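Shown here: coords-v2.cif, mmCIF, N, CA and C atoms and all ligand atoms.
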```
data_run
loop_
_atom_site.label_atom_id
_atom_site.label_comp_id
_atom_site.auth_asym_id
_atom_site.auth_seq_id
_atom_site.Cartn_x
_atom_site.Cartn_y
_atom_site.Cartn_z
N MET Q 1 -35.18 -23.84 -83.62
CA MET Q 1 -34.42 -22.89 -84.40
C MET Q 1 -33.81 -21.84 -83.46
N MET Q 2 -32.53 -21.57 -83.66
CA MET Q 2 -31.85 -20.62 -82.80
C MET Q 2 -31.91 -19.21 -83.41
N ASP Q 3 -32.21 -18.26 -82.57
CA ASP Q 3 -32.26 -16.87 -83.04
C ASP Q 3 -30.89 -16.23 -82.85
N ILE Q 4 -30.24 -15.98 -83.95
CA ILE Q 4 -28.94 -15.31 -83.86
C ILE Q 4 -29.11 -13.89 -84.38
N SER Q 5 -29.15 -12.97 -83.46
CA SER Q 5 -29.33 -11.58 -83.90
C SER Q 5 -28.01 -10.83 -83.78
N VAL Q 6 -27.77 -10.05 -84.77
CA VAL Q 6 -26.55 -9.24 -84.78
C VAL Q 6 -26.91 -7.86 -84.25
N VAL Q 7 -26.26 -7.49 -83.18
CA VAL Q 7 -26.57 -6.21 -82.58
C VAL Q 7 -25.38 -5.28 -82.73
N ASN Q 8 -25.61 -4.23 -83.46
CA ASN Q 8 -24.59 -3.20 -83.56
C ASN Q 8 -24.84 -2.18 -82.45
N LYS Q 9 -23.77 -1.60 -81.95
CA LYS Q 9 -23.92 -0.58 -80.92
C LYS Q 9 -23.66 0.77 -81.57
N LEU Q 10 -24.54 1.72 -81.26
CA LEU Q 10 -24.44 3.05 -81.85
C LEU Q 10 -24.27 4.09 -80.74
N TYR Q 11 -23.26 4.92 -80.89
CA TYR Q 11 -22.99 5.97 -79.91
C TYR Q 11 -23.05 7.31 -80.62
N ARG Q 12 -23.49 8.33 -79.89
CA ARG Q 12 -23.71 9.62 -80.55
C ARG Q 12 -23.28 10.78 -79.65
N ALA Q 13 -22.69 11.79 -80.27
CA ALA Q 13 -22.42 13.06 -79.59
C ALA Q 13 -22.90 14.15 -80.54
N GLU Q 14 -23.58 15.15 -79.98
CA GLU Q 14 -24.23 16.12 -80.86
C GLU Q 14 -24.22 17.52 -80.27
N LEU Q 15 -23.99 18.46 -81.14
CA LEU Q 15 -24.25 19.87 -80.83
C LEU Q 15 -25.33 20.27 -81.83
N PRO Q 16 -26.59 20.26 -81.39
CA PRO Q 16 -27.70 20.41 -82.33
C PRO Q 16 -27.54 21.58 -83.30
N GLY Q 17 -27.79 21.28 -84.57
CA GLY Q 17 -27.70 22.30 -85.60
C GLY Q 17 -26.30 22.55 -86.12
N ARG Q 18 -25.31 21.97 -85.45
CA ARG Q 18 -23.92 22.21 -85.87
C ARG Q 18 -23.14 20.94 -86.14
N GLU Q 19 -23.16 20.00 -85.20
CA GLU Q 19 -22.33 18.81 -85.36
C GLU Q 19 -23.09 17.58 -84.87
N LEU Q 20 -22.95 16.50 -85.62
CA LEU Q 20 -23.53 15.22 -85.20
C LEU Q 20 -22.50 14.13 -85.50
N LEU Q 21 -22.03 13.48 -84.44
CA LEU Q 21 -21.03 12.42 -84.59
C LEU Q 21 -21.65 11.10 -84.17
N GLU Q 22 -21.46 10.08 -84.98
CA GLU Q 22 -21.94 8.75 -84.63
C GLU Q 22 -20.81 7.75 -84.79
N CYS Q 23 -20.75 6.84 -83.87
CA CYS Q 23 -19.77 5.76 -83.93
C CYS Q 23 -20.56 4.46 -83.79
N GLU Q 24 -20.39 3.58 -84.76
CA GLU Q 24 -21.10 2.30 -84.73
C GLU Q 24 -20.06 1.19 -84.61
N ILE Q 25 -20.33 0.27 -83.72
CA ILE Q 25 -19.44 -0.88 -83.54
C ILE Q 25 -20.27 -2.14 -83.79
N ASN Q 26 -19.84 -2.93 -84.78
CA ASN Q 26 -20.63 -4.12 -85.11
C ASN Q 26 -20.21 -5.30 -84.24
N SER Q 27 -20.86 -6.41 -84.47
CA SER Q 27 -20.63 -7.59 -83.61
C SER Q 27 -19.22 -8.14 -83.72
N LYS Q 28 -18.50 -7.77 -84.79
CA LYS Q 28 -17.09 -8.20 -84.91
C LYS Q 28 -16.13 -7.20 -84.28
N GLY Q 29 -16.68 -6.12 -83.73
CA GLY Q 29 -15.84 -5.10 -83.11
C GLY Q 29 -15.31 -4.08 -84.11
N GLU Q 30 -15.84 -4.13 -85.33
CA GLU Q 30 -15.40 -3.16 -86.34
C GLU Q 30 -16.09 -1.82 -86.10
N VAL Q 31 -15.30 -0.77 -86.20
CA VAL Q 31 -15.78 0.57 -85.88
C VAL Q 31 -15.98 1.38 -87.15
N SER Q 32 -17.10 2.11 -87.22
CA SER Q 32 -17.28 3.05 -88.32
C SER Q 32 -17.85 4.35 -87.76
N PHE Q 33 -17.49 5.43 -88.41
CA PHE Q 33 -17.96 6.75 -87.99
C PHE Q 33 -18.84 7.36 -89.07
N LYS Q 34 -19.83 8.12 -88.63
CA LYS Q 34 -20.60 8.99 -89.53
C LYS Q 34 -20.61 10.35 -88.85
N ALA Q 35 -20.46 11.37 -89.64
CA ALA Q 35 -20.45 12.69 -89.01
C ALA Q 35 -20.91 13.78 -89.96
N VAL Q 36 -21.66 14.69 -89.40
CA VAL Q 36 -21.90 15.98 -90.05
C VAL Q 36 -21.18 16.94 -89.12
N ALA Q 37 -20.01 17.37 -89.54
CA ALA Q 37 -19.15 18.04 -88.58
C ALA Q 37 -18.17 18.99 -89.28
N SER Q 38 -17.50 19.76 -88.46
CA SER Q 38 -16.50 20.70 -88.96
C SER Q 38 -15.26 19.93 -89.43
N LYS Q 39 -14.41 20.64 -90.16
CA LYS Q 39 -13.15 20.03 -90.63
C LYS Q 39 -12.31 19.56 -89.45
N ASP Q 40 -12.28 20.36 -88.40
CA ASP Q 40 -11.47 20.00 -87.22
C ASP Q 40 -11.97 18.71 -86.59
N THR Q 41 -13.28 18.58 -86.49
CA THR Q 41 -13.84 17.36 -85.89
C THR Q 41 -13.55 16.16 -86.77
N LEU Q 42 -13.73 16.33 -88.08
CA LEU Q 42 -13.48 15.21 -88.99
C LEU Q 42 -12.01 14.78 -88.92
N LYS Q 43 -11.12 15.75 -88.77
CA LYS Q 43 -9.69 15.43 -88.67
C LYS Q 43 -9.42 14.56 -87.42
N ILE Q 44 -10.05 14.91 -86.31
CA ILE Q 44 -9.84 14.12 -85.09
C ILE Q 44 -10.42 12.71 -85.27
N LEU Q 45 -11.63 12.62 -85.87
CA LEU Q 45 -12.24 11.31 -86.08
C LEU Q 45 -11.37 10.45 -87.00
N ARG Q 46 -10.80 11.09 -88.04
CA ARG Q 46 -9.93 10.33 -88.96
C ARG Q 46 -8.72 9.75 -88.21
N SER Q 47 -8.23 10.50 -87.22
CA SER Q 47 -7.06 10.03 -86.47
C SER Q 47 -7.39 8.78 -85.64
N LEU Q 48 -8.68 8.55 -85.36
CA LEU Q 48 -9.07 7.38 -84.56
C LEU Q 48 -9.27 6.13 -85.41
N LYS Q 49 -9.49 6.37 -86.71
CA LYS Q 49 -9.75 5.25 -87.62
C LYS Q 49 -8.57 4.27 -87.61
N ASN Q 50 -8.88 3.03 -87.81
CA ASN Q 50 -7.87 1.96 -87.87
C ASN Q 50 -7.12 1.78 -86.56
N GLN Q 51 -7.66 2.26 -85.47
CA GLN Q 51 -7.07 2.01 -84.15
C GLN Q 51 -8.10 1.28 -83.30
N ALA Q 52 -7.62 0.46 -82.40
CA ALA Q 52 -8.53 -0.19 -81.46
C ALA Q 52 -9.07 0.87 -80.50
N VAL Q 53 -10.30 0.67 -80.05
CA VAL Q 53 -10.95 1.65 -79.16
C VAL Q 53 -10.06 1.97 -77.96
N GLN Q 54 -9.42 0.96 -77.38
CA GLN Q 54 -8.60 1.21 -76.19
C GLN Q 54 -7.35 2.03 -76.50
N ASP Q 55 -7.00 2.14 -77.78
CA ASP Q 55 -5.82 2.93 -78.15
C ASP Q 55 -6.16 4.37 -78.53
N TRP Q 56 -7.43 4.68 -78.61
CA TRP Q 56 -7.80 6.06 -78.97
C TRP Q 56 -7.26 7.01 -77.91
N SER Q 57 -6.64 8.09 -78.37
CA SER Q 57 -6.19 9.08 -77.39
C SER Q 57 -7.29 10.13 -77.22
N MET Q 58 -7.48 10.52 -75.99
CA MET Q 58 -8.53 11.47 -75.66
C MET Q 58 -8.08 12.87 -76.07
N PRO Q 59 -8.88 13.60 -76.87
CA PRO Q 59 -8.49 14.97 -77.21
C PRO Q 59 -8.33 15.80 -75.93
N GLN Q 60 -7.30 16.62 -75.88
CA GLN Q 60 -6.98 17.33 -74.64
C GLN Q 60 -7.46 18.78 -74.59
N GLY Q 61 -7.80 19.35 -75.73
CA GLY Q 61 -8.18 20.76 -75.74
C GLY Q 61 -9.65 20.99 -75.44
N ASN Q 62 -10.06 22.23 -75.55
CA ASN Q 62 -11.44 22.59 -75.22
C ASN Q 62 -12.19 23.25 -76.38
N SER Q 63 -11.79 22.93 -77.60
CA SER Q 63 -12.58 23.40 -78.74
C SER Q 63 -13.86 22.55 -78.79
N SER Q 64 -14.85 23.03 -79.53
CA SER Q 64 -16.09 22.25 -79.68
C SER Q 64 -15.79 20.86 -80.20
N SER Q 65 -14.89 20.78 -81.18
CA SER Q 65 -14.54 19.48 -81.77
C SER Q 65 -13.95 18.55 -80.72
N GLU Q 66 -13.00 19.06 -79.96
CA GLU Q 66 -12.34 18.22 -78.95
C GLU Q 66 -13.32 17.78 -77.86
N ILE Q 67 -14.19 18.69 -77.44
CA ILE Q 67 -15.17 18.34 -76.40
C ILE Q 67 -16.13 17.26 -76.91
N LEU Q 68 -16.60 17.41 -78.14
CA LEU Q 68 -17.56 16.43 -78.68
C LEU Q 68 -16.92 15.07 -78.90
N VAL Q 69 -15.69 15.05 -79.43
CA VAL Q 69 -15.04 13.76 -79.65
C VAL Q 69 -14.74 13.09 -78.30
N ARG Q 70 -14.38 13.91 -77.30
CA ARG Q 70 -14.16 13.35 -75.96
C ARG Q 70 -15.45 12.69 -75.47
N GLU Q 71 -16.58 13.37 -75.67
CA GLU Q 71 -17.87 12.78 -75.26
C GLU Q 71 -18.11 11.46 -75.98
N LEU Q 72 -17.86 11.45 -77.28
CA LEU Q 72 -18.10 10.23 -78.06
C LEU Q 72 -17.22 9.08 -77.55
N ILE Q 73 -15.95 9.37 -77.31
CA ILE Q 73 -15.03 8.33 -76.81
C ILE Q 73 -15.50 7.82 -75.45
N GLN Q 74 -15.90 8.74 -74.57
CA GLN Q 74 -16.37 8.32 -73.24
C GLN Q 74 -17.61 7.44 -73.35
N LYS Q 75 -18.50 7.76 -74.28
CA LYS Q 75 -19.70 6.94 -74.46
C LYS Q 75 -19.34 5.55 -74.97
N VAL Q 76 -18.42 5.49 -75.93
CA VAL Q 76 -18.00 4.19 -76.47
C VAL Q 76 -17.36 3.35 -75.36
N ARG Q 77 -16.55 3.99 -74.52
CA ARG Q 77 -15.84 3.26 -73.46
C ARG Q 77 -16.71 3.00 -72.22
N GLY Q 78 -17.92 3.58 -72.21
CA GLY Q 78 -18.81 3.40 -71.06
C GLY Q 78 -18.43 4.23 -69.86
N THR Q 79 -17.69 5.34 -70.09
CA THR Q 79 -17.27 6.18 -68.97
C THR Q 79 -17.97 7.54 -68.97
N TRP Q 80 -19.00 7.68 -69.80
CA TRP Q 80 -19.73 8.96 -69.88
C TRP Q 80 -20.79 9.01 -68.80
N PHE Q 81 -20.65 9.96 -67.86
CA PHE Q 81 -21.65 10.14 -66.81
C PHE Q 81 -21.94 11.63 -66.67
N PHE Q 82 -23.02 12.08 -67.29
CA PHE Q 82 -23.38 13.50 -67.22
C PHE Q 82 -23.63 13.87 -65.76
N PRO Q 83 -22.99 14.91 -65.26
CA PRO Q 83 -22.98 15.15 -63.80
C PRO Q 83 -24.23 15.81 -63.23
N ILE Q 84 -25.15 16.26 -64.07
CA ILE Q 84 -26.34 16.96 -63.57
C ILE Q 84 -27.57 16.08 -63.82
N GLU Q 85 -28.30 15.80 -62.75
CA GLU Q 85 -29.48 14.93 -62.89
C GLU Q 85 -30.75 15.70 -63.22
N ASP Q 86 -30.89 16.88 -62.62
CA ASP Q 86 -32.12 17.67 -62.82
C ASP Q 86 -32.10 18.29 -64.22
N PRO Q 87 -33.11 18.03 -65.05
CA PRO Q 87 -33.11 18.61 -66.40
C PRO Q 87 -33.09 20.14 -66.38
N GLU Q 88 -33.74 20.75 -65.35
CA GLU Q 88 -33.72 22.22 -65.26
C GLU Q 88 -32.62 22.61 -64.28
N LEU Q 89 -31.55 23.17 -64.78
CA LEU Q 89 -30.42 23.51 -63.90
C LEU Q 89 -30.64 24.82 -63.18
N CYS Q 90 -31.09 25.85 -63.88
CA CYS Q 90 -31.35 27.15 -63.25
C CYS Q 90 -32.86 27.32 -63.13
N HIS Q 91 -33.34 27.21 -61.88
CA HIS Q 91 -34.79 27.27 -61.67
C HIS Q 91 -35.33 28.69 -61.77
N CYS Q 92 -34.56 29.68 -61.36
CA CYS Q 92 -35.04 31.07 -61.44
C CYS Q 92 -35.33 31.46 -62.89
N ARG Q 93 -34.39 31.12 -63.78
CA ARG Q 93 -34.54 31.53 -65.19
C ARG Q 93 -35.06 30.40 -66.08
N LYS Q 94 -35.35 29.27 -65.46
CA LYS Q 94 -35.87 28.10 -66.19
C LYS Q 94 -34.98 27.71 -67.37
N VAL Q 95 -33.69 27.56 -67.06
CA VAL Q 95 -32.71 27.19 -68.08
C VAL Q 95 -32.30 25.74 -67.85
N SER Q 96 -32.38 24.96 -68.90
CA SER Q 96 -32.09 23.53 -68.77
C SER Q 96 -30.58 23.27 -68.69
N ALA Q 97 -30.25 22.13 -68.12
CA ALA Q 97 -28.85 21.69 -68.08
C ALA Q 97 -28.33 21.50 -69.50
N THR Q 98 -29.20 21.02 -70.39
CA THR Q 98 -28.80 20.81 -71.78
C THR Q 98 -28.42 22.12 -72.46
N LYS Q 99 -29.19 23.17 -72.21
CA LYS Q 99 -28.89 24.46 -72.84
C LYS Q 99 -27.54 24.99 -72.34
N ILE Q 100 -27.29 24.85 -71.06
CA ILE Q 100 -26.02 25.32 -70.51
C ILE Q 100 -24.87 24.46 -71.03
N ASP Q 101 -25.10 23.17 -71.10
CA ASP Q 101 -24.08 22.27 -71.62
C ASP Q 101 -23.74 22.62 -73.08
N GLN Q 102 -24.75 22.88 -73.87
CA GLN Q 102 -24.51 23.23 -75.27
C GLN Q 102 -23.77 24.56 -75.39
N ALA Q 103 -24.05 25.49 -74.48
CA ALA Q 103 -23.32 26.76 -74.48
C ALA Q 103 -21.84 26.51 -74.20
N ILE Q 104 -21.58 25.62 -73.25
CA ILE Q 104 -20.18 25.30 -72.92
C ILE Q 104 -19.49 24.66 -74.12
N VAL Q 105 -20.14 23.69 -74.73
CA VAL Q 105 -19.54 23.02 -75.90
C VAL Q 105 -19.30 24.04 -77.01
N SER Q 106 -20.18 25.04 -77.13
CA SER Q 106 -20.04 26.06 -78.18
C SER Q 106 -18.98 27.10 -77.87
N GLY Q 107 -18.44 27.10 -76.65
CA GLY Q 107 -17.35 28.03 -76.37
C GLY Q 107 -17.54 28.92 -75.15
N ALA Q 108 -18.67 28.82 -74.46
CA ALA Q 108 -18.87 29.60 -73.23
C ALA Q 108 -18.19 28.87 -72.08
N HIS Q 109 -16.96 29.26 -71.79
CA HIS Q 109 -16.15 28.52 -70.82
C HIS Q 109 -16.00 29.24 -69.48
N THR Q 110 -16.79 30.28 -69.26
CA THR Q 110 -16.78 30.96 -67.96
C THR Q 110 -18.23 31.18 -67.52
N ILE Q 111 -18.42 31.39 -66.23
CA ILE Q 111 -19.76 31.66 -65.70
C ILE Q 111 -20.33 32.92 -66.37
N GLU Q 112 -19.49 33.93 -66.56
CA GLU Q 112 -19.95 35.19 -67.15
C GLU Q 112 -20.51 34.96 -68.56
N LYS Q 113 -19.80 34.20 -69.36
CA LYS Q 113 -20.27 33.93 -70.72
C LYS Q 113 -21.55 33.11 -70.70
N ILE Q 114 -21.63 32.15 -69.80
CA ILE Q 114 -22.84 31.32 -69.69
C ILE Q 114 -24.04 32.20 -69.29
N ARG Q 115 -23.81 33.13 -68.35
CA ARG Q 115 -24.88 34.05 -67.96
C ARG Q 115 -25.36 34.85 -69.17
N ARG Q 116 -24.41 35.38 -69.92
CA ARG Q 116 -24.74 36.24 -71.06
C ARG Q 116 -25.52 35.46 -72.13
N ILE Q 117 -25.09 34.25 -72.40
CA ILE Q 117 -25.69 33.47 -73.49
C ILE Q 117 -27.01 32.82 -73.10
N THR Q 118 -27.11 32.36 -71.85
CA THR Q 118 -28.29 31.56 -71.47
C THR Q 118 -29.23 32.26 -70.50
N SER Q 119 -28.76 33.30 -69.82
CA SER Q 119 -29.44 34.00 -68.73
C SER Q 119 -29.48 33.18 -67.43
N ALA Q 120 -28.91 32.01 -67.45
CA ALA Q 120 -28.82 31.22 -66.21
C ALA Q 120 -27.92 31.97 -65.22
N ASN Q 121 -28.15 31.75 -63.93
CA ASN Q 121 -27.32 32.30 -62.87
C ASN Q 121 -27.39 33.83 -62.81
N THR Q 122 -28.50 34.40 -63.22
CA THR Q 122 -28.64 35.86 -63.18
C THR Q 122 -29.69 36.32 -62.16
N ALA Q 123 -30.06 35.43 -61.23
CA ALA Q 123 -31.00 35.85 -60.18
C ALA Q 123 -30.43 35.46 -58.82
N CYS Q 124 -30.89 34.36 -58.23
CA CYS Q 124 -30.47 34.03 -56.85
C CYS Q 124 -29.04 33.51 -56.76
N GLY Q 125 -28.52 32.96 -57.84
CA GLY Q 125 -27.15 32.42 -57.84
C GLY Q 125 -27.05 31.00 -57.31
N GLY Q 126 -28.17 30.42 -56.94
CA GLY Q 126 -28.16 29.08 -56.36
C GLY Q 126 -27.71 27.98 -57.30
N CYS Q 127 -27.66 28.26 -58.58
CA CYS Q 127 -27.27 27.24 -59.55
C CYS Q 127 -25.77 27.27 -59.88
N GLN Q 128 -25.05 28.19 -59.24
CA GLN Q 128 -23.64 28.37 -59.60
C GLN Q 128 -22.80 27.10 -59.42
N ASP Q 129 -23.02 26.39 -58.32
CA ASP Q 129 -22.23 25.17 -58.08
C ASP Q 129 -22.44 24.15 -59.20
N ASP Q 130 -23.69 24.01 -59.64
CA ASP Q 130 -23.95 23.04 -60.72
C ASP Q 130 -23.35 23.50 -62.04
N ILE Q 131 -23.37 24.79 -62.31
CA ILE Q 131 -22.75 25.30 -63.54
C ILE Q 131 -21.25 25.05 -63.49
N GLU Q 132 -20.64 25.32 -62.33
CA GLU Q 132 -19.21 25.07 -62.20
C GLU Q 132 -18.89 23.58 -62.34
N LYS Q 133 -19.77 22.74 -61.82
CA LYS Q 133 -19.59 21.29 -61.96
C LYS Q 133 -19.62 20.89 -63.44
N LEU Q 134 -20.54 21.49 -64.18
CA LEU Q 134 -20.66 21.20 -65.61
C LEU Q 134 -19.43 21.71 -66.38
N LEU Q 135 -18.96 22.91 -66.01
CA LEU Q 135 -17.75 23.44 -66.65
C LEU Q 135 -16.56 22.51 -66.40
N LYS Q 136 -16.41 22.08 -65.16
CA LYS Q 136 -15.29 21.20 -64.81
C LYS Q 136 -15.40 19.87 -65.55
N PHE Q 137 -16.61 19.37 -65.68
CA PHE Q 137 -16.84 18.10 -66.36
C PHE Q 137 -16.49 18.20 -67.85
N ARG Q 138 -16.88 19.31 -68.49
CA ARG Q 138 -16.71 19.44 -69.93
C ARG Q 138 -15.30 19.89 -70.35
N LEU Q 139 -14.65 20.70 -69.51
CA LEU Q 139 -13.36 21.26 -69.91
C LEU Q 139 -12.24 20.39 -69.38
N SER Q 140 -11.23 20.22 -70.22
CA SER Q 140 -10.20 19.24 -69.87
C SER Q 140 -9.17 19.77 -68.89
N CYS Q 141 -9.07 21.10 -68.73
CA CYS Q 141 -8.10 21.61 -67.74
C CYS Q 141 -8.59 22.90 -67.14
S1 LIG P 201 -31.32 29.01 -59.67
FE1 LIG P 201 -30.15 30.01 -61.18
S2 LIG P 201 -30.19 32.08 -60.62
FE2 LIG P 201 -31.49 31.10 -59.15
#
```
Can you present the structure in this file as structure tokens?
Ligand code: FES
Amino acid sequence: MMDISVVNKLYRAELPGRELLECEINSKGEVSFKAVASKDTLKILRSLKNQAVQDWSMPQGNSSSEILVRELIQKVRGTWFFPIEDPELCHCRKVSATKIDQAIVSGAHTIEKIRRITSANTACGGCQDDIEKLLKFRLSC
């Protein structure tokens, strides 16, 4: 007896407590989205519906919606590579890369704002290069 299993692929982008986007692709290549998200995010996701994955246009702005949809598209296409390996980005203040990343997605687009919101980079300054790397990675221009 042959085992024929159908494997759907599930991709996710999330801003905890605010937005959760899921894209599922079934074995026939059919795409479906599920989202608990803002109107702006839902509008972008709707624009991707009925298009082939390779035809999706990457959102160009830096709103939370655009950043999250960009992440989701990169994950679907296999081009998502989070640039920070160490889970704790700021060792002096014990601030995780995830916390700083979420601050950026939420709108902290400068080192000053990240310092204010997370307390990262407020001691030795040794984490500044990694924070800048994360800003460059997340922001489209
Ligand atoms: S490692 Fe972030 S301030 Fe020292």
Go through chain Q residue by residue and, counting all atoms listed in the file, keep those with an atom at most 7 Å from ligand LIG 201 (chain P); for each kept residue give the shortest atom pair and its distance in Å to one decimal, ordered by chain and increasing number, as a Markdown table.
```
| residue | atom | partner | partner_atom | distance |
| --- | --- | --- | --- | --- |
| Q:Leu89 | C | P:LIG201 | S1 | 5.5 |
| Q:Cys90 | CA | P:LIG201 | FE1 | 3.7 |
| Q:His91 | N | P:LIG201 | S1 | 3.5 |
| Q:Cys92 | N | P:LIG201 | S1 | 3.7 |
| Q:Arg93 | N | P:LIG201 | FE1 | 5.1 |
| Q:Lys94 | N | P:LIG201 | FE1 | 6.8 |
| Q:Ser119 | C | P:LIG201 | S2 | 6.9 |
| Q:Ala120 | C | P:LIG201 | FE1 | 5.0 |
| Q:Asn121 | CA | P:LIG201 | S2 | 3.7 |
| Q:Thr122 | N | P:LIG201 | S2 | 3.9 |
| Q:Ala123 | N | P:LIG201 | S2 | 3.4 |
| Q:Cys124 | N | P:LIG201 | S2 | 3.4 |
| Q:Gly125 | N | P:LIG201 | S2 | 3.4 |
| Q:Gly126 | N | P:LIG201 | FE2 | 4.0 |
| Q:Cys127 | N | P:LIG201 | S1 | 3.9 |
| Q:Gln128 | N | P:LIG201 | FE1 | 5.8 |
```
- Task: For Thr98 in chain Q, please output as number ranges by chain all residues within 6 Å (counting only N, CA and C atoms; exclusion window: fewer than 4 positions along the same chain).
- Result: Q: 87, 102-103
- Item | Exercise: Lys75 in chain Q partners within 8 Å, only N, CA and C atoms, chain neighbours under 5 positions left out, as a ChimeraX atom specification | /Q:10-12,69-70,80-81
How would the residues just picked look written out with N, CA and C atoms as a compact mmCIF listing (two decimals), keeping the file's coordinate frame?
```
# COMPACT_ATOMS: atom_id res chain seq x y z
N LEU Q 10 -24.54 1.72 -81.26
CA LEU Q 10 -24.44 3.05 -81.85
C LEU Q 10 -24.27 4.09 -80.74
N TYR Q 11 -23.26 4.92 -80.89
CA TYR Q 11 -22.99 5.97 -79.91
C TYR Q 11 -23.05 7.31 -80.62
N ARG Q 12 -23.49 8.33 -79.89
CA ARG Q 12 -23.71 9.62 -80.55
C ARG Q 12 -23.28 10.78 -79.65
N VAL Q 69 -15.69 15.05 -79.43
CA VAL Q 69 -15.04 13.76 -79.65
C VAL Q 69 -14.74 13.09 -78.30
N ARG Q 70 -14.38 13.91 -77.30
CA ARG Q 70 -14.16 13.35 -75.96
C ARG Q 70 -15.45 12.69 -75.47
N TRP Q 80 -19.00 7.68 -69.80
CA TRP Q 80 -19.73 8.96 -69.88
C TRP Q 80 -20.79 9.01 -68.80
N PHE Q 81 -20.65 9.96 -67.86
CA PHE Q 81 -21.65 10.14 -66.81
C PHE Q 81 -21.94 11.63 -66.67
```
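With CA of Pro83 in chain Q on one side and CA of Lys39 in chain Q on the other, the separation reads 29.0 Å.
Relative to atom C of Glu24 in chain Q, atom N of Ala97 in chain Q is found at 28.5 Å.
You will find CA of Ile25 in chain Q at 11.1 Å from CA of Ala52 in chain Q.
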- Message: I need the residue nearest Ile100 in chain Q from this list: Q:Glu19, Q:Glu14, Q:Asp130, Q:Glu85. Use only C-alpha atoms for the distance.
- Response: Q:Asp130
- Task: For Ser106 in chain Q, list every protein, DNA or RNA residue within 8 Å, evaluated using only N, CA and C atoms, and leave out those in the same chain fewer than 2 positions away; present the list as a VMD selection string.
- Result: chain Q and resid 15 62 to 65 100 to 104 108 to 109
- Task: Would you return as a count of residues only the members of chain Q that DSSP assigns to strand (DSSP E or B) on this structure's backbone?
- Result: 25
- Message: Using all atoms listed in the file, which protein or nucleic acid residues come within 6 Å of Glu22 in chain Q? Drop anything in the same chain fewer than 5 positions from it, and give the result as a ChimeraX atom specification.
- Response: /Q:11-13,32-35
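Comparing Q:Lys28, Q:Leu68, Q:Leu134, Q:Gly107 by their smallest distance to Asn8 in chain Q, the closest is Q:Lys28 (using all atoms listed in the file).
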